[in-house]
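Everything below concerns the one structure shown next.
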Amino acid sequence: DSYIAYSQNQPERAIKVLLCFKSRFWPKNVQNVIVANMNIPEIWFREMSWKDESGVEAHAYVAVGFLTSKSADDLKIMLGNRSDQDRRDLAADIMKVELASIFKIVNEVVDEAFQSCILFDWGDVESIRGGYIYPKVGITKHDFHLMAKSIDDVLYWAGEATNTNACCTIQSAME
């Protein structure tokens with residue numbers, strides 16, 4: 001009762017381009033940017049810390065490009081039928097140029113900080129049919145935990161419906 005769910009059989013394409021950087025070149029308080037006239041119109045910024053297998057603390061700066069609908073379809077066409085690595089490299093290059101433009105810095109600054117790219121296209125995953133939740137006022141963490149339970153061991157909610165840090169986003173589904 002604490003949420004309204006909507007799902008569809010043929011969702012629009014959604015693509016995520018995650019760029020990992022060894023240093024931050026964007027202002028510290030920037031969380032996201034939306035620039036409608038660019039190939040990747042929405043970019044989120046995150047700092048991530050973790051411990052590796054040996055217990056050593058690691059740190060990275062991540063820029064997350066998010067595209068849906070026509071923007072995602074257009075990027076898919078731009079990436080073409082290249083190999084996975086070539087598609088990742090091209091998507092990273094496109095986003096790095098956009099980041100340099102947005103923050104008015106030279107491309108070399110972005111290139112020097114760049115470490116790696118992950119490209120994920122939900123439109124290429126046949127089992128993903130799409131779905132969204134819209135939390136109501138008053139929803140609690142307990143409600144999200146209840147949603148995490150399967151229904152008759154047949155239907156399982158994706159992480160986006162159960163992540164209490166940033167619910168209702170593709171980023172939270174990936175986490």
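So you can find residues: chains in the structure tokens are A, B, ... in the order shown, residues in each start at 1, and ligands are numbered from 1 in order.
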Surrounding residues of Asn37 in chain A excluding itself and chain neighbours under 4 positions, 12 Å, only C-alpha atoms, as number ranges by chain: A: 41-42, 71, 98, 102
File of the preceding selection, N, CA, C and O atoms, as a compact mmCIF listing (two decimals), in the first residue's frame:
```
# COMPACT_ATOMS: atom_id res chain seq x y z
N PRO A 41 22.64 13.31 -22.21
CA PRO A 41 22.03 14.52 -21.63
C PRO A 41 22.03 14.61 -20.11
O PRO A 41 21.82 15.68 -19.57
N GLU A 42 22.27 13.51 -19.41
CA GLU A 42 22.21 13.55 -17.95
C GLU A 42 23.41 12.80 -17.40
O GLU A 42 23.69 11.66 -17.78
N SER A 71 17.35 9.59 -26.91
CA SER A 71 18.78 9.76 -26.66
C SER A 71 19.49 8.41 -26.62
O SER A 71 20.58 8.24 -27.18
N GLU A 98 32.17 15.57 -23.73
CA GLU A 98 31.06 16.34 -23.16
C GLU A 98 31.43 16.89 -21.78
O GLU A 98 31.12 18.04 -21.46
N ILE A 102 31.36 20.73 -20.69
CA ILE A 102 30.49 21.19 -19.59
C ILE A 102 31.30 21.99 -18.56
O ILE A 102 30.89 23.05 -18.11
```
Nearby residues (only C-alpha atoms) at most 9 Å from range 79-88 of chain A, same-chain spacing under 6 positions excluded, as a PyMOL selection string: chain A and resi 17+117-119
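The interatomic distance for the pair CA of Trp44 in chain A and CA of Arg24 in chain A works out to 12.9 Å.
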Could you name the residues that touch Ala60 in chain A at 10 Å or less, counting only C-alpha atoms, but leaving out those on the same chain fewer than 6 positions away, as a PDB file with N, CA and C atoms, in the first residue's frame?
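Writing the result to around29.pdb gives the following:
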```
ATOM      1  N   LEU A  19      31.883   6.155 -16.098  1.00  0.00           N
ATOM      2  CA  LEU A  19      33.298   6.427 -16.265  1.00  0.00           C
ATOM      3  C   LEU A  19      33.941   6.553 -14.894  1.00  0.00           C
ATOM      4  N   CYS A  20      35.011   5.808 -14.690  1.00  0.00           N
ATOM      5  CA  CYS A  20      35.747   5.828 -13.431  1.00  0.00           C
ATOM      6  C   CYS A  20      36.989   6.705 -13.624  1.00  0.00           C
ATOM      7  N   PHE A  21      37.217   7.605 -12.669  1.00  0.00           N
ATOM      8  CA  PHE A  21      38.355   8.521 -12.735  1.00  0.00           C
ATOM      9  C   PHE A  21      39.191   8.391 -11.472  1.00  0.00           C
ATOM     10  N   LYS A  22      40.508   8.582 -11.599  1.00  0.00           N
ATOM     11  CA  LYS A  22      41.394   8.532 -10.436  1.00  0.00           C
ATOM     12  C   LYS A  22      41.401   9.849  -9.666  1.00  0.00           C
ATOM     13  N   SER A  23      40.933  10.916 -10.305  1.00  0.00           N
ATOM     14  CA  SER A  23      40.832  12.209  -9.625  1.00  0.00           C
ATOM     15  C   SER A  23      39.596  12.940 -10.123  1.00  0.00           C
ATOM     16  N   ARG A  24      39.095  13.842  -9.290  1.00  0.00           N
ATOM     17  CA  ARG A  24      37.901  14.600  -9.648  1.00  0.00           C
ATOM     18  C   ARG A  24      38.333  15.899 -10.316  1.00  0.00           C
ATOM     19  N   ARG A  46      29.600  10.714  -8.492  1.00  0.00           N
ATOM     20  CA  ARG A  46      29.668   9.998  -7.219  1.00  0.00           C
ATOM     21  C   ARG A  46      31.123   9.777  -6.831  1.00  0.00           C
ATOM     22  N   GLU A  47      31.367   9.716  -5.547  1.00  0.00           N
ATOM     23  CA  GLU A  47      32.655   9.278  -5.018  1.00  0.00           C
ATOM     24  C   GLU A  47      32.408   7.927  -4.376  1.00  0.00           C
ATOM     25  N   MET A  48      33.303   6.984  -4.637  1.00  0.00           N
ATOM     26  CA  MET A  48      33.118   5.639  -4.104  1.00  0.00           C
ATOM     27  C   MET A  48      34.389   5.201  -3.387  1.00  0.00           C
ATOM     28  N   SER A  49      34.213   4.548  -2.252  1.00  0.00           N
ATOM     29  CA  SER A  49      35.336   3.989  -1.500  1.00  0.00           C
ATOM     30  C   SER A  49      35.018   2.541  -1.171  1.00  0.00           C
ATOM     31  N   TRP A  50      36.035   1.708  -1.129  1.00  0.00           N
ATOM     32  CA  TRP A  50      35.876   0.301  -0.804  1.00  0.00           C
ATOM     33  C   TRP A  50      37.224  -0.256  -0.390  1.00  0.00           C
ATOM     34  N   GLN A 115      40.091   6.294 -16.005  1.00  0.00           N
ATOM     35  CA  GLN A 115      40.598   4.952 -15.721  1.00  0.00           C
ATOM     36  C   GLN A 115      39.883   3.877 -16.522  1.00  0.00           C
TER      37      GLN A 115
END
```
Test item, helix (DSSP H, G or I) assignment across range 72-123 of chain A, answer as an MDAnalysis selection string: chainID A and resid 72:79 84:102 107:113 122:123
Can you write out the residues you just picked, keeping N, CA, C and O atoms, as a compact mmCIF listing (two decimals), in the first residue's frame?
```txt
# COMPACT_ATOMS: atom_id res chain seq x y z
N ALA A 72 18.88 7.42 -25.96
CA ALA A 72 19.47 6.09 -25.89
C ALA A 72 19.48 5.43 -27.27
O ALA A 72 20.47 4.80 -27.66
N ASP A 73 18.39 5.57 -27.99
CA ASP A 73 18.33 5.00 -29.35
C ASP A 73 19.39 5.63 -30.25
O ASP A 73 20.06 4.94 -31.02
N ASP A 74 19.57 6.94 -30.14
CA ASP A 74 20.57 7.64 -30.95
C ASP A 74 21.99 7.18 -30.61
O ASP A 74 22.82 6.97 -31.50
N LEU A 75 22.28 7.01 -29.31
CA LEU A 75 23.61 6.53 -28.92
C LEU A 75 23.83 5.12 -29.43
O LEU A 75 24.91 4.78 -29.92
N LYS A 76 22.80 4.29 -29.33
CA LYS A 76 22.90 2.91 -29.83
C LYS A 76 23.29 2.92 -31.31
O LYS A 76 24.16 2.15 -31.74
N ILE A 77 22.69 3.80 -32.09
CA ILE A 77 23.01 3.90 -33.52
C ILE A 77 24.46 4.39 -33.69
O ILE A 77 25.20 3.86 -34.53
N MET A 78 24.87 5.38 -32.91
CA MET A 78 26.23 5.90 -33.00
C MET A 78 27.26 4.82 -32.69
O MET A 78 28.32 4.76 -33.33
N LEU A 79 26.97 3.97 -31.72
CA LEU A 79 27.91 2.92 -31.33
C LEU A 79 27.97 1.80 -32.36
O LEU A 79 28.99 1.11 -32.47
N ASP A 84 32.32 -5.12 -28.30
CA ASP A 84 31.96 -4.56 -26.99
C ASP A 84 32.99 -3.54 -26.53
O ASP A 84 32.64 -2.47 -26.03
N GLN A 85 34.27 -3.87 -26.69
CA GLN A 85 35.34 -2.96 -26.26
C GLN A 85 35.31 -1.67 -27.06
O GLN A 85 35.43 -0.57 -26.50
N ASP A 86 35.12 -1.76 -28.37
CA ASP A 86 35.08 -0.56 -29.21
C ASP A 86 33.85 0.30 -28.89
O ASP A 86 33.93 1.54 -28.91
N ARG A 87 32.73 -0.34 -28.56
CA ARG A 87 31.53 0.41 -28.18
C ARG A 87 31.79 1.15 -26.87
O ARG A 87 31.43 2.31 -26.72
N ARG A 88 32.41 0.46 -25.90
CA ARG A 88 32.75 1.09 -24.62
C ARG A 88 33.70 2.26 -24.82
O ARG A 88 33.52 3.34 -24.25
N ASP A 89 34.73 2.05 -25.65
CA ASP A 89 35.70 3.12 -25.89
C ASP A 89 35.04 4.33 -26.54
O ASP A 89 35.32 5.47 -26.15
N LEU A 90 34.17 4.10 -27.52
CA LEU A 90 33.51 5.22 -28.19
C LEU A 90 32.56 5.94 -27.24
O LEU A 90 32.54 7.17 -27.19
N ALA A 91 31.80 5.20 -26.44
CA ALA A 91 30.90 5.83 -25.47
C ALA A 91 31.69 6.66 -24.47
O ALA A 91 31.31 7.78 -24.12
N ALA A 92 32.84 6.12 -24.01
CA ALA A 92 33.69 6.85 -23.08
C ALA A 92 34.23 8.12 -23.72
O ALA A 92 34.22 9.19 -23.10
N ASP A 93 34.67 8.02 -24.97
CA ASP A 93 35.19 9.20 -25.66
C ASP A 93 34.13 10.29 -25.81
O ASP A 93 34.39 11.47 -25.59
N ILE A 94 32.92 9.88 -26.18
CA ILE A 94 31.81 10.84 -26.32
C ILE A 94 31.55 11.55 -25.01
O ILE A 94 31.44 12.78 -24.95
N MET A 95 31.49 10.79 -23.92
CA MET A 95 31.17 11.38 -22.63
C MET A 95 32.33 12.24 -22.11
O MET A 95 32.10 13.30 -21.52
N LYS A 96 33.58 11.81 -22.33
CA LYS A 96 34.73 12.60 -21.88
C LYS A 96 34.75 13.97 -22.57
O LYS A 96 35.02 14.99 -21.92
N VAL A 97 34.47 14.01 -23.87
CA VAL A 97 34.42 15.28 -24.60
C VAL A 97 33.32 16.17 -24.03
O VAL A 97 33.50 17.38 -23.84
N GLU A 98 32.17 15.57 -23.73
CA GLU A 98 31.06 16.34 -23.16
C GLU A 98 31.43 16.89 -21.78
O GLU A 98 31.12 18.04 -21.46
N LEU A 99 32.09 16.08 -20.95
CA LEU A 99 32.49 16.55 -19.62
C LEU A 99 33.47 17.72 -19.72
O LEU A 99 33.34 18.71 -18.98
N ALA A 100 34.42 17.62 -20.64
CA ALA A 100 35.37 18.72 -20.83
C ALA A 100 34.62 19.99 -21.25
O ALA A 100 34.91 21.09 -20.76
N SER A 101 33.65 19.84 -22.11
CA SER A 101 32.87 20.99 -22.58
C SER A 101 32.03 21.59 -21.45
O SER A 101 31.99 22.80 -21.26
N ILE A 102 31.36 20.73 -20.69
CA ILE A 102 30.49 21.19 -19.59
C ILE A 102 31.30 21.99 -18.56
O ILE A 102 30.89 23.05 -18.11
N ASN A 107 40.41 18.70 -22.96
CA ASN A 107 40.17 17.26 -23.01
C ASN A 107 41.26 16.46 -22.31
O ASN A 107 40.98 15.41 -21.71
N GLU A 108 42.50 16.96 -22.34
CA GLU A 108 43.61 16.22 -21.74
C GLU A 108 43.45 16.05 -20.23
O GLU A 108 43.87 15.03 -19.67
N VAL A 109 42.83 17.00 -19.57
CA VAL A 109 42.59 16.89 -18.13
C VAL A 109 41.68 15.70 -17.84
O VAL A 109 41.92 14.90 -16.93
N VAL A 110 40.63 15.56 -18.64
CA VAL A 110 39.70 14.45 -18.47
C VAL A 110 40.39 13.13 -18.84
O VAL A 110 40.27 12.14 -18.11
N ASP A 111 41.12 13.13 -19.94
CA ASP A 111 41.82 11.91 -20.38
C ASP A 111 42.82 11.43 -19.33
O ASP A 111 42.95 10.23 -19.08
N GLU A 112 43.56 12.36 -18.71
CA GLU A 112 44.57 11.98 -17.72
C GLU A 112 43.93 11.37 -16.47
O GLU A 112 44.51 10.50 -15.83
N ALA A 113 42.74 11.82 -16.11
CA ALA A 113 42.06 11.30 -14.92
C ALA A 113 41.32 10.00 -15.20
O ALA A 113 41.05 9.23 -14.28
N TRP A 122 20.18 -1.65 -21.22
CA TRP A 122 19.08 -2.52 -20.79
C TRP A 122 18.27 -3.01 -21.99
O TRP A 122 17.63 -4.05 -21.90
N GLY A 123 18.30 -2.30 -23.10
CA GLY A 123 17.56 -2.72 -24.27
C GLY A 123 18.09 -3.99 -24.90
O GLY A 123 17.42 -4.63 -25.69
```
Coordinates-based distance that separates CA of Ile40 in chain A from CA of Ala63 in chain A (Å, one decimal): 11.4 Å
